$ cat structure23.csv   # CSV, C-alpha atoms and all ligand atoms
chain,number,residue,atom,x,y,z
F,1,MET,CA,1.8,30.9,42.1
F,2,GLU,CA,1.5,32.2,38.5
F,3,GLN,CA,4.4,31.2,36.3
F,4,GLN,CA,5.6,32.6,33.0
F,5,VAL,CA,8.1,30.5,31.1
F,6,PHE,CA,11.1,32.0,29.4
F,7,GLN,CA,13.4,30.5,26.7
F,8,ASN,CA,16.9,30.9,25.5
F,9,ALA,CA,18.3,33.4,28.1
F,10,THR,CA,22.1,33.7,28.2
F,11,VAL,CA,24.1,33.5,31.5
F,12,ILE,CA,26.2,36.6,31.8
F,13,LYS,CA,27.5,36.2,35.4
F,14,GLN,CA,27.5,33.8,38.3
F,15,THR,CA,28.0,34.8,42.0
F,16,GLY,CA,27.5,31.9,44.3
F,17,SER,CA,24.1,30.4,43.7
F,18,LEU,CA,22.8,33.5,41.9
F,19,TYR,CA,23.0,33.9,38.1
F,20,ARG,CA,22.5,37.0,36.0
F,21,LEU,CA,20.7,36.3,32.7
F,22,THR,CA,19.7,38.4,29.7
F,23,PHE,CA,18.0,37.8,26.3
F,24,LEU,CA,20.6,38.6,23.7
F,25,PRO,CA,21.0,40.7,21.7
F,26,GLY,CA,19.2,42.9,24.2
F,27,TRP,CA,20.7,43.8,27.6
F,28,GLU,CA,18.3,43.8,30.4
F,29,PRO,CA,19.9,41.5,33.1
F,30,PHE,CA,17.7,39.7,35.7
F,31,THR,CA,18.6,37.4,38.5
F,32,ALA,CA,17.9,33.6,38.5
F,33,ILE,CA,18.6,30.5,40.6
F,34,LEU,CA,19.0,26.9,39.5
F,35,SER,CA,16.2,24.5,40.0
F,36,GLY,CA,16.9,21.8,42.6
F,37,ARG,CA,16.9,19.1,39.9
F,38,LEU,CA,19.7,20.9,38.0
F,39,ARG,CA,21.8,21.5,41.1
F,40,LEU,CA,22.0,17.8,41.7
F,41,LYS,CA,23.3,17.0,38.2
F,42,GLY,CA,26.9,17.2,37.2
F,43,ASP,CA,28.8,16.4,40.4
F,44,HIS,CA,32.0,16.0,38.4
F,45,LEU,CA,31.8,19.7,37.7
F,46,THR,CA,32.4,22.6,40.1
F,47,ASN,CA,29.9,24.6,38.1
F,48,PRO,CA,26.9,23.0,36.3
F,49,LEU,CA,26.3,26.2,34.5
F,50,ALA,CA,28.8,28.7,33.0
F,51,VAL,CA,28.8,32.1,31.5
F,52,GLY,CA,27.6,31.9,27.9
F,53,ASP,CA,25.2,29.0,28.7
F,54,ARG,CA,21.7,29.3,27.2
F,55,VAL,CA,18.9,28.3,29.5
F,56,ASN,CA,15.1,28.0,29.8
F,57,GLY,CA,13.1,28.5,32.9
F,58,TYR,CA,10.3,30.5,34.4
F,59,LEU,CA,9.7,33.9,35.9
F,60,GLN,CA,7.7,34.2,39.1
F,61,ALA,CA,4.7,36.5,38.7
F,62,ALA,CA,5.0,40.1,39.8
F,63,ALA,CA,8.7,39.5,40.5
F,64,ARG,CA,9.7,41.5,43.5
F,65,GLN,CA,13.4,42.0,44.2
F,66,ASN,CA,13.9,38.7,45.9
F,67,ASP,CA,11.8,36.7,43.6
F,68,ALA,CA,14.5,35.3,41.4
F,69,ALA,CA,13.6,33.5,38.1
F,70,VAL,CA,14.2,29.8,38.1
F,71,ILE,CA,16.4,28.0,35.6
F,72,THR,CA,15.0,24.6,34.7
F,73,GLU,CA,16.9,23.6,31.6
F,74,ILE,CA,20.4,24.1,30.1
F,75,LEU,CA,20.2,24.1,26.3
F,76,PRO,CA,22.8,22.0,24.4
F,77,ARG,CA,26.1,23.8,24.1
F,78,LYS,CA,27.7,24.7,20.7
F,79,ASN,CA,31.0,24.3,22.4
F,80,TYR,CA,32.7,25.1,25.8
F,81,LEU,CA,36.1,25.3,27.4
F,82,ILE,CA,36.9,23.2,30.4
F,83,ARG,CA,39.9,22.6,32.6
F,84,LYS,CA,40.8,20.5,35.7
F,85,SER,CA,39.9,22.5,38.8
F,86,ALA,CA,43.1,21.9,40.6
F,87,ASN,CA,45.9,19.5,41.1
F,88,LEU,CA,44.7,16.0,41.9
F,89,SER,CA,41.1,17.1,41.7
F,90,ARG,CA,38.7,14.9,39.8
F,91,GLN,CA,36.4,17.8,39.3
F,92,ALA,CA,36.4,20.0,36.3
F,93,HIS,CA,35.6,23.6,35.8
F,94,ILE,CA,33.7,24.9,32.7
F,95,ILE,CA,35.4,28.2,31.8
F,96,ALA,CA,32.7,29.4,29.5
F,97,ALA,CA,30.2,28.0,27.0
F,98,ASN,CA,29.0,28.9,23.4
F,99,LEU,CA,32.0,30.9,22.4
F,100,ASP,CA,32.6,32.3,18.9
F,101,TRP,CA,36.3,33.0,19.7
F,102,ALA,CA,38.8,32.7,22.5
F,103,TYR,CA,41.6,35.3,23.0
F,104,ILE,CA,44.6,34.4,25.2
F,105,ILE,CA,45.9,37.7,26.4
F,106,LEU,CA,49.7,37.8,27.0
F,107,SER,CA,51.9,40.7,28.1
F,108,ALA,CA,54.8,41.7,25.9
F,109,THR,CA,56.7,42.5,29.1
F,110,GLU,CA,55.5,41.4,32.5
F,111,PRO,CA,54.0,39.2,33.7
F,112,GLN,CA,55.3,36.5,31.4
F,113,THR,CA,53.0,33.6,30.5
F,114,PRO,CA,54.9,30.2,30.4
F,115,PHE,CA,54.8,28.5,27.0
F,116,PRO,CA,53.3,25.3,28.4
F,117,PHE,CA,50.4,27.3,29.8
F,118,ILE,CA,49.8,28.9,26.3
F,119,ASP,CA,50.0,25.5,24.7
F,120,ARG,CA,47.5,23.8,27.1
F,121,PHE,CA,45.1,26.6,26.5
F,122,LEU,CA,45.4,26.3,22.7
F,123,VAL,CA,45.1,22.5,22.8
F,124,THR,CA,41.9,22.8,24.8
F,125,CYS,CA,40.6,25.4,22.3
F,126,GLN,CA,41.4,23.0,19.4
F,127,ALA,CA,39.9,20.0,21.2
F,128,TYR,CA,36.6,21.8,22.1
F,129,ARG,CA,36.4,23.6,18.7
F,130,VAL,CA,36.8,27.2,19.8
F,131,PRO,CA,38.9,29.3,17.4
F,132,ALA,CA,41.7,31.0,19.3
F,133,THR,CA,43.9,34.0,18.8
F,134,LEU,CA,46.9,35.3,20.8
F,135,VAL,CA,46.9,39.0,21.9
F,136,LEU,CA,50.3,40.4,22.9
F,137,ASN,CA,49.4,43.4,25.0
F,138,LYS,CA,51.6,46.1,26.6
F,139,THR,CA,53.6,46.6,23.4
F,140,ASP,CA,54.1,50.2,24.5
F,141,GLU,CA,56.6,48.9,27.1
F,142,LEU,CA,58.7,47.1,24.5
F,143,ASP,CA,61.4,49.8,24.6
F,144,LEU,CA,62.1,49.0,28.3
F,145,ALA,CA,64.6,46.4,27.5
F,146,ASP,CA,65.9,44.6,24.4
F,147,GLY,CA,65.3,41.3,26.1
F,148,TYR,CA,61.5,41.9,26.0
F,149,ARG,CA,61.6,42.9,22.4
F,150,SER,CA,63.3,39.6,21.3
F,151,GLN,CA,61.1,37.6,23.6
F,152,ALA,CA,58.0,39.2,22.0
F,153,ALA,CA,59.4,38.4,18.5
F,154,HIS,CA,60.1,34.9,19.6
F,155,CYS,CA,56.6,34.4,20.8
F,156,ARG,CA,55.1,35.8,17.6
F,157,ASN,CA,57.4,33.6,15.5
F,158,ILE,CA,56.5,30.4,17.3
F,159,TYR,CA,52.7,30.9,17.2
F,160,GLN,CA,52.4,32.3,13.7
F,161,ARG,CA,54.4,29.3,12.4
F,162,ALA,CA,51.9,27.1,14.3
F,163,GLY,CA,49.1,28.8,12.3
F,164,TYR,CA,47.7,31.2,14.9
F,165,GLU,CA,47.1,34.9,14.6
F,166,VAL,CA,49.1,37.0,17.0
F,167,LEU,CA,47.7,40.5,17.5
F,168,GLU,CA,50.0,43.2,18.9
F,169,VAL,CA,48.2,45.8,20.9
F,170,SER,CA,48.5,48.3,23.7
F,171,ALA,CA,45.6,49.1,26.0
F,172,ARG,CA,47.6,52.1,27.2
F,173,THR,CA,48.2,53.8,23.9
F,174,GLY,CA,45.3,52.3,21.9
F,175,PHE,CA,47.7,50.7,19.4
F,176,GLY,CA,46.0,47.9,17.5
F,177,MET,CA,42.7,48.3,19.3
F,178,ASP,CA,40.6,49.2,16.2
F,179,LEU,CA,41.7,45.9,14.6
F,180,LEU,CA,40.8,44.0,17.8
F,181,ALA,CA,37.4,45.8,18.1
F,182,GLY,CA,36.6,44.9,14.5
F,183,LYS,CA,37.3,41.2,15.2
F,184,LEU,CA,35.1,41.2,18.3
F,185,LYS,CA,32.1,42.7,16.5
F,186,ASP,CA,29.0,40.5,16.3
F,187,LYS,CA,30.7,37.7,18.3
F,188,ILE,CA,30.9,36.4,21.8
F,189,SER,CA,34.5,36.3,22.8
F,190,LEU,CA,36.5,35.1,25.8
F,191,PHE,CA,39.4,37.1,27.2
F,192,SER,CA,41.6,34.6,29.1
F,193,GLY,CA,45.1,34.6,30.5
F,194,ILE,CA,47.1,34.8,33.7
F,195,SER,CA,46.5,37.7,36.2
F,196,GLY,CA,48.0,41.1,35.3
F,197,VAL,CA,48.3,40.8,31.5
F,198,GLY,CA,45.7,43.5,31.1
F,199,LYS,CA,42.4,41.6,30.2
F,200,SER,CA,40.2,44.1,32.1
F,201,THR,CA,42.2,47.1,31.0
F,202,LEU,CA,41.7,46.0,27.3
F,203,ALA,CA,38.0,45.7,27.9
F,204,ASN,CA,37.9,49.2,29.4
F,205,LYS,CA,39.8,50.6,26.4
F,206,LEU,CA,37.3,48.9,24.1
F,207,ASP,CA,34.4,50.3,26.0
F,208,PRO,CA,35.2,52.9,28.7
F,209,SER,CA,31.7,52.7,30.1
F,210,LEU,CA,32.5,49.2,31.4
F,211,ASN,CA,34.7,50.7,34.1
F,212,LEU,CA,36.1,47.4,35.2
F,213,LYS,CA,38.4,47.2,38.2
F,214,THR,CA,42.1,46.9,37.3
F,215,ALA,CA,45.3,46.9,39.4
F,216,SER,CA,49.0,47.3,38.9
F,217,ILE,CA,51.2,44.2,39.0
F,218,SER,CA,53.2,43.6,42.1
F,219,SER,CA,56.5,45.5,41.9
F,220,ALA,CA,58.3,42.8,43.9
F,221,HIS,CA,57.2,39.7,41.9
F,222,LEU,CA,56.0,41.3,38.7
F,223,THR,CA,52.8,39.2,39.0
F,224,GLY,CA,49.2,40.1,38.8
F,225,LYS,CA,47.0,40.6,41.9
F,226,HIS,CA,43.9,38.5,40.8
F,227,THR,CA,41.8,41.6,40.6
F,228,THR,CA,38.9,40.2,38.5
F,229,THR,CA,37.2,37.5,40.6
F,230,PHE,CA,34.2,36.5,38.4
F,231,TYR,CA,33.6,35.4,34.8
F,232,GLN,CA,31.3,38.1,33.4
F,233,MET,CA,30.0,38.9,30.0
F,234,HIS,CA,29.9,42.5,28.9
F,235,PRO,CA,28.3,44.2,25.8
F,236,LEU,CA,30.7,46.4,23.8
F,237,VAL,CA,29.8,49.7,22.5
F,238,THR,CA,31.6,48.8,19.2
F,239,GLY,CA,29.5,45.6,18.9
F,240,GLY,CA,29.8,42.1,20.2
F,241,TYR,CA,30.2,40.7,23.7
F,242,ILE,CA,33.3,39.8,25.7
F,243,ILE,CA,33.7,37.6,28.7
F,244,ASP,CA,36.3,39.1,31.1
F,245,SER,CA,37.7,36.4,33.4
F,246,PRO,CA,39.8,36.0,36.5
F,247,GLY,CA,43.5,35.3,35.9
F,248,ILE,CA,43.9,31.6,35.4
F,249,LYS,CA,46.4,30.0,37.8
F,250,GLY,CA,46.8,26.6,36.3
F,251,PHE,CA,45.5,24.8,33.3
F,252,GLY,CA,44.9,21.1,33.5
F,253,LEU,CA,43.9,19.2,30.3
F,254,LEU,CA,41.0,17.0,30.5
F,255,GLU,CA,40.1,13.6,29.1
F,256,MET,CA,42.7,13.4,26.3
F,257,THR,CA,44.4,10.3,25.2
F,258,LYS,CA,48.0,10.1,23.9
F,259,GLU,CA,46.7,9.0,20.5
F,260,GLU,CA,44.5,12.1,20.1
F,261,LEU,CA,46.9,14.8,21.6
F,262,TYR,CA,48.7,15.6,18.3
F,263,HIS,CA,45.4,16.3,16.6
F,264,TYR,CA,45.2,19.5,18.7
F,265,PHE,CA,48.6,20.9,17.6
F,266,PRO,CA,47.5,22.0,14.1
F,267,GLU,CA,51.0,22.2,12.6
F,268,ILE,CA,52.0,18.8,14.0
F,269,PHE,CA,48.8,17.3,12.8
F,270,ALA,CA,49.5,18.7,9.3
F,271,ALA,CA,53.0,17.3,9.2
F,272,SER,CA,51.9,13.9,10.5
F,273,SER,CA,50.1,12.9,7.3
F,274,SER,CA,53.5,11.8,5.9
F,275,CYS,CA,54.6,9.6,8.9
F,276,ARG,CA,55.6,6.1,7.9
F,277,PHE,CA,53.5,4.3,10.5
F,278,ASN,CA,49.9,4.6,11.2
F,279,GLY,CA,49.5,5.4,14.9
F,280,CYS,CA,52.9,7.2,15.0
F,281,LEU,CA,53.0,9.3,18.2
F,282,HIS,CA,55.9,11.4,16.8
F,283,ALA,CA,58.1,10.6,19.7
F,284,GLY,CA,61.1,9.2,17.9
F,285,GLU,CA,59.5,6.5,15.7
F,286,PRO,CA,61.4,5.8,12.5
F,287,GLY,CA,60.1,7.6,9.4
F,288,CYS,CA,58.3,10.3,11.5
F,289,ALA,CA,57.5,13.2,9.3
F,290,VAL,CA,56.9,15.4,12.4
F,291,LYS,CA,60.5,15.0,13.5
F,292,GLU,CA,61.6,15.9,10.0
F,293,ALA,CA,59.4,19.0,10.1
F,294,VAL,CA,61.0,20.1,13.3
F,295,LEU,CA,64.5,19.7,11.8
F,296,LYS,CA,63.4,21.8,8.8
F,297,GLY,CA,62.0,24.4,11.1
F,298,VAL,CA,58.4,24.0,9.9
F,299,VAL,CA,57.4,22.9,13.4
F,300,SER,CA,59.1,24.9,16.1
F,301,THR,CA,61.2,23.1,18.7
F,302,GLU,CA,59.3,24.9,21.5
F,303,ARG,CA,55.9,23.6,20.3
F,304,TYR,CA,57.3,20.1,19.7
F,305,ASP,CA,58.9,20.0,23.2
F,306,SER,CA,55.6,21.1,24.6
F,307,TYR,CA,53.9,18.3,22.8
F,308,LEU,CA,56.4,15.7,24.0
F,309,LYS,CA,56.0,16.9,27.6
F,310,LEU,CA,52.2,16.6,27.5
F,311,LEU,CA,52.6,13.1,25.8
F,312,ASP,CA,55.0,12.0,28.6
F,313,ASP,CA,52.6,12.8,31.4
F,314,PRO,CA,52.6,9.7,33.6
F,315,ASP,CA,48.9,10.0,34.4
F,316,GLY,CA,47.8,7.2,32.1
F,317,GLY,CA,46.9,9.4,29.2
F,318,LYS,CA,45.1,11.9,31.3
F,319,TYR,CA,46.9,15.1,32.1
F,320,ARG,CA,47.2,17.1,35.3
F,321,ILE,CA,48.4,20.7,35.8
F,401,LIG,N1,52.1,49.7,30.0
F,401,LIG,C1,50.9,49.1,29.9
F,401,LIG,N2,50.3,48.6,31.0
F,401,LIG,C2,49.1,48.0,30.8
F,401,LIG,C3,48.5,47.7,29.6
F,401,LIG,N3,47.4,47.0,29.7
F,401,LIG,C4,47.3,46.9,31.1
F,401,LIG,N4,48.3,47.4,31.7
F,401,LIG,C5,48.5,47.4,33.2
F,401,LIG,O1,48.6,46.1,33.7
F,401,LIG,C6,48.1,46.0,35.0
F,401,LIG,C7,47.1,44.8,35.1
F,401,LIG,O2,46.0,45.1,34.3
F,401,LIG,P1,44.6,44.4,34.6
F,401,LIG,O3,43.7,44.8,33.5
F,401,LIG,O4,44.1,44.6,36.0
F,401,LIG,O5,45.0,42.9,34.3
F,401,LIG,P2,44.0,41.6,34.3
F,401,LIG,O6,44.6,40.7,33.2
F,401,LIG,O7,42.6,42.0,34.2
F,401,LIG,O8,44.3,40.9,35.7
F,401,LIG,P3,43.3,40.0,36.6
F,401,LIG,O9,42.0,40.6,36.7
F,401,LIG,O10,44.0,40.0,37.9
F,401,LIG,O11,43.3,38.6,36.0
F,401,LIG,C8,47.5,47.4,35.3
F,401,LIG,O12,48.4,48.2,36.0
F,401,LIG,C9,47.3,48.0,33.9
F,401,LIG,O13,47.4,49.4,33.9
F,401,LIG,C10,49.2,48.2,28.4
F,401,LIG,O14,48.8,48.1,27.3
F,401,LIG,N5,50.4,48.9,28.6
F,402,MG,MG,40.9,41.6,35.3
F,403,ZN,ZN,55.2,10.8,13.3

$ encode --input "structure23.csv" --output "structure tokens"
Amino acid sequence: MEQQVFQNATVIKQTGSLYRLTFLPGWEPFTAILSGRLRLKGDHLTNPLAVGDRVNGYLQAAARQNDAAVITEILPRKNYLIRKSANLSRQAHIIAANLDWAYIILSATEPQTPFPFIDRFLVTCQAYRVPATLVLNKTDELDLADGYRSQAAHCRNIYQRAGYEVLEVSARTGFGMDLLAGKLKDKISLFSGISGVGKSTLANKLDPSLNLKTASISSAHLTGKHTTTFYQMHPLVTGGYIIDSPGIKGFGLLEMTKEELYHYFPEIFAASSSCRFNGCLHAGEPGCAVKEAVLKGVVSTERYDSYLKLLDDPDGGKYRI
């Protein structure tokens, strides 16, 4: 059989054993499978290949519909995001690879994302060198109750103090969407977050031609319905590419020691340079500058508590969901 090699295609979708690839910046998706050799590798991973991965392979001549291309090589990753697959699982799941930016989408109203979830996501972004921004969506609903308004202000305050940008938008009214579109231009960005916060609705607002499936949150539990089921990259009419993702249910940190954890809380790391002891874990040691920064309000008590909780995890320095 005649073979024609290809290089540097980008994975834009995975469904079972089939991958969709394209050559960026163009957009002419074709189907591919993994070579047997690659399938055997990486048994500690639920997915050897993730959306955003760059790959080499070969096309089969005169490709008919069922003649998928074959991926023979995964190119080195610039970065990636990874999490534990599930409780007690030793397997890990690569969320996406080669990201320019990660957005954690939150709802200003419902459903609410627990702070520990946000912090685990941000810690992972720091550890794997993916810049991250928080997006507070559904701000059009902030008039529903004063409680929501103060909660949103609280969230903004905590994360801005930690050094993160917090964008306020409404996919419904379009508020803040031009600013977001400008940030996404010329980049590959991930939209992550729990189900129902409006990831796919935001994508549709940015580019109505995407026409992604969305669904209202459950009126009984105010939770999302896990409408999006695949990670998938989409080109935006305003420029750039976004990866829309299924709502994340749990976020387990991976391979992180107690000694390195504080490096991934930027504001705690900054304060730690003045700690009295080398190797201070900022958990009550004398002369701890982090504790002092918390008392002064430079580091928020919420983020510090989050840090201490992760530090206290009994799993020998490795963290579970
Ligand atoms: N009021 C209001 N509702 C919104 C906004 N954005 C999204 N929604 C609604 O929130 C619900 C969930 O939106 P989706 O886009 O399906 O949420 P998702 O994050 O993609 O959810 P999964 O795919 O399940 O992870 C839908 O009913 C949307 O109409 C917004 O800015 N304002
Ligand atoms: Mg969705
Ligand atoms: Zn300290």

$ closest_atom_pairs --input "structure23.csv" --of "chain F" --to "ligand MG 402 (chain F)" --cutoff "10 Å" --atoms "all atoms listed in the file" --output "CSV"
residue,atom,partner,partner_atom,distance
F:Phe191,CA,F:MG402,MG,9.4
F:Ser192,CA,F:MG402,MG,9.4
F:Gly193,CA,F:MG402,MG,9.5
F:Ile194,CA,F:MG402,MG,9.3
F:Ser195,CA,F:MG402,MG,6.9
F:Gly196,CA,F:MG402,MG,7.1
F:Val197,CA,F:MG402,MG,8.4
F:Gly198,CA,F:MG402,MG,6.7
F:Lys199,CA,F:MG402,MG,5.3
F:Ser200,CA,F:MG402,MG,4.1
F:Thr201,CA,F:MG402,MG,7.1
F:Leu202,CA,F:MG402,MG,9.2
F:Ala203,CA,F:MG402,MG,8.9
F:Leu212,CA,F:MG402,MG,7.5
F:Lys213,CA,F:MG402,MG,6.8
F:Thr214,CA,F:MG402,MG,5.8
F:Ala215,CA,F:MG402,MG,8.0
F:Gly224,CA,F:MG402,MG,9.1
F:Lys225,CA,F:MG402,MG,9.0
F:His226,CA,F:MG402,MG,7.0
F:Thr227,CA,F:MG402,MG,5.4
F:Thr228,CA,F:MG402,MG,4.0
F:Thr229,CA,F:MG402,MG,7.7
F:Phe230,CA,F:MG402,MG,9.0
F:Tyr231,CA,F:MG402,MG,9.6
F:Asp244,CA,F:MG402,MG,6.7
F:Ser245,CA,F:MG402,MG,6.4
F:Pro246,CA,F:MG402,MG,5.8
F:Gly247,CA,F:MG402,MG,6.8

$ residues_around --input "structure23.csv" --residues "Lys13 (chain F)" --least-positions-apart "5" --cutoff "12 Å" --atoms "only C-alpha atoms" --output "list in words"
Leu18, Tyr19, Arg20, Leu21, Thr22, Pro29, Phe30, Thr31, Ala32, Ile33, Leu49, Ala50, Val51, Gly52, Asp53, Ile95, Ala96, Thr229, Phe230, Tyr231, Gln232, Met233, His234, Ile242, Ile243, Asp244 and Ser245 of chain F

$ residues_around --input "structure23.csv" --residues "Arg37 (chain F)" --least-positions-apart "3" --cutoff "12 Å" --atoms "all atoms listed in the file" --output "list in words"
Ile33, Leu34, Leu40, Lys41, Gly42, Pro48, Val70, Ile71, Thr72, Glu73 and Ile74 of chain F

$ closest_atom_pairs --input "structure23.csv" --of "chain F" --to "ligand ZN 403 (chain F)" --cutoff "7 Å" --atoms "all atoms listed in the file" --output "JSON lines"
{"residue": "F:Ser272", "atom": "CA", "partner": "F:ZN403", "partner_atom": "ZN", "distance": 5.3}
{"residue": "F:Cys275", "atom": "CA", "partner": "F:ZN403", "partner_atom": "ZN", "distance": 4.6}
{"residue": "F:Cys280", "atom": "CA", "partner": "F:ZN403", "partner_atom": "ZN", "distance": 4.6}
{"residue": "F:Leu281", "atom": "CA", "partner": "F:ZN403", "partner_atom": "ZN", "distance": 5.6}
{"residue": "F:His282", "atom": "CA", "partner": "F:ZN403", "partner_atom": "ZN", "distance": 3.6}
{"residue": "F:Glu285", "atom": "CA", "partner": "F:ZN403", "partner_atom": "ZN", "distance": 6.5}
{"residue": "F:Cys288", "atom": "CA", "partner": "F:ZN403", "partner_atom": "ZN", "distance": 3.6}
{"residue": "F:Ala289", "atom": "CA", "partner": "F:ZN403", "partner_atom": "ZN", "distance": 5.2}
{"residue": "F:Val290", "atom": "CA", "partner": "F:ZN403", "partner_atom": "ZN", "distance": 5.0}
{"residue": "F:Lys291", "atom": "CA", "partner": "F:ZN403", "partner_atom": "ZN", "distance": 6.8}

$ atom_distance --input "structure23.csv" --atom1 "CA of Ile104 (chain F)" --atom2 "CA of Lys309 (chain F)"
21.0 Å

$ residues_around --input "structure23.csv" --residues "region 110-112 of chain F" --least-positions-apart "3" --cutoff "6 Å" --atoms "all atoms listed in the file" --output "PyMOL selection string"
chain F and resi 107+222-223

$ atom_distance --input "structure23.csv" --atom1 "CA of Gly250 (chain F)" --atom2 "CA of Lys84 (chain F)"
8.6 Å

$ atom_distance --input "structure23.csv" --atom1 "CA of Thr257 (chain F)" --atom2 "CA of Leu310 (chain F)"
10.3 Å
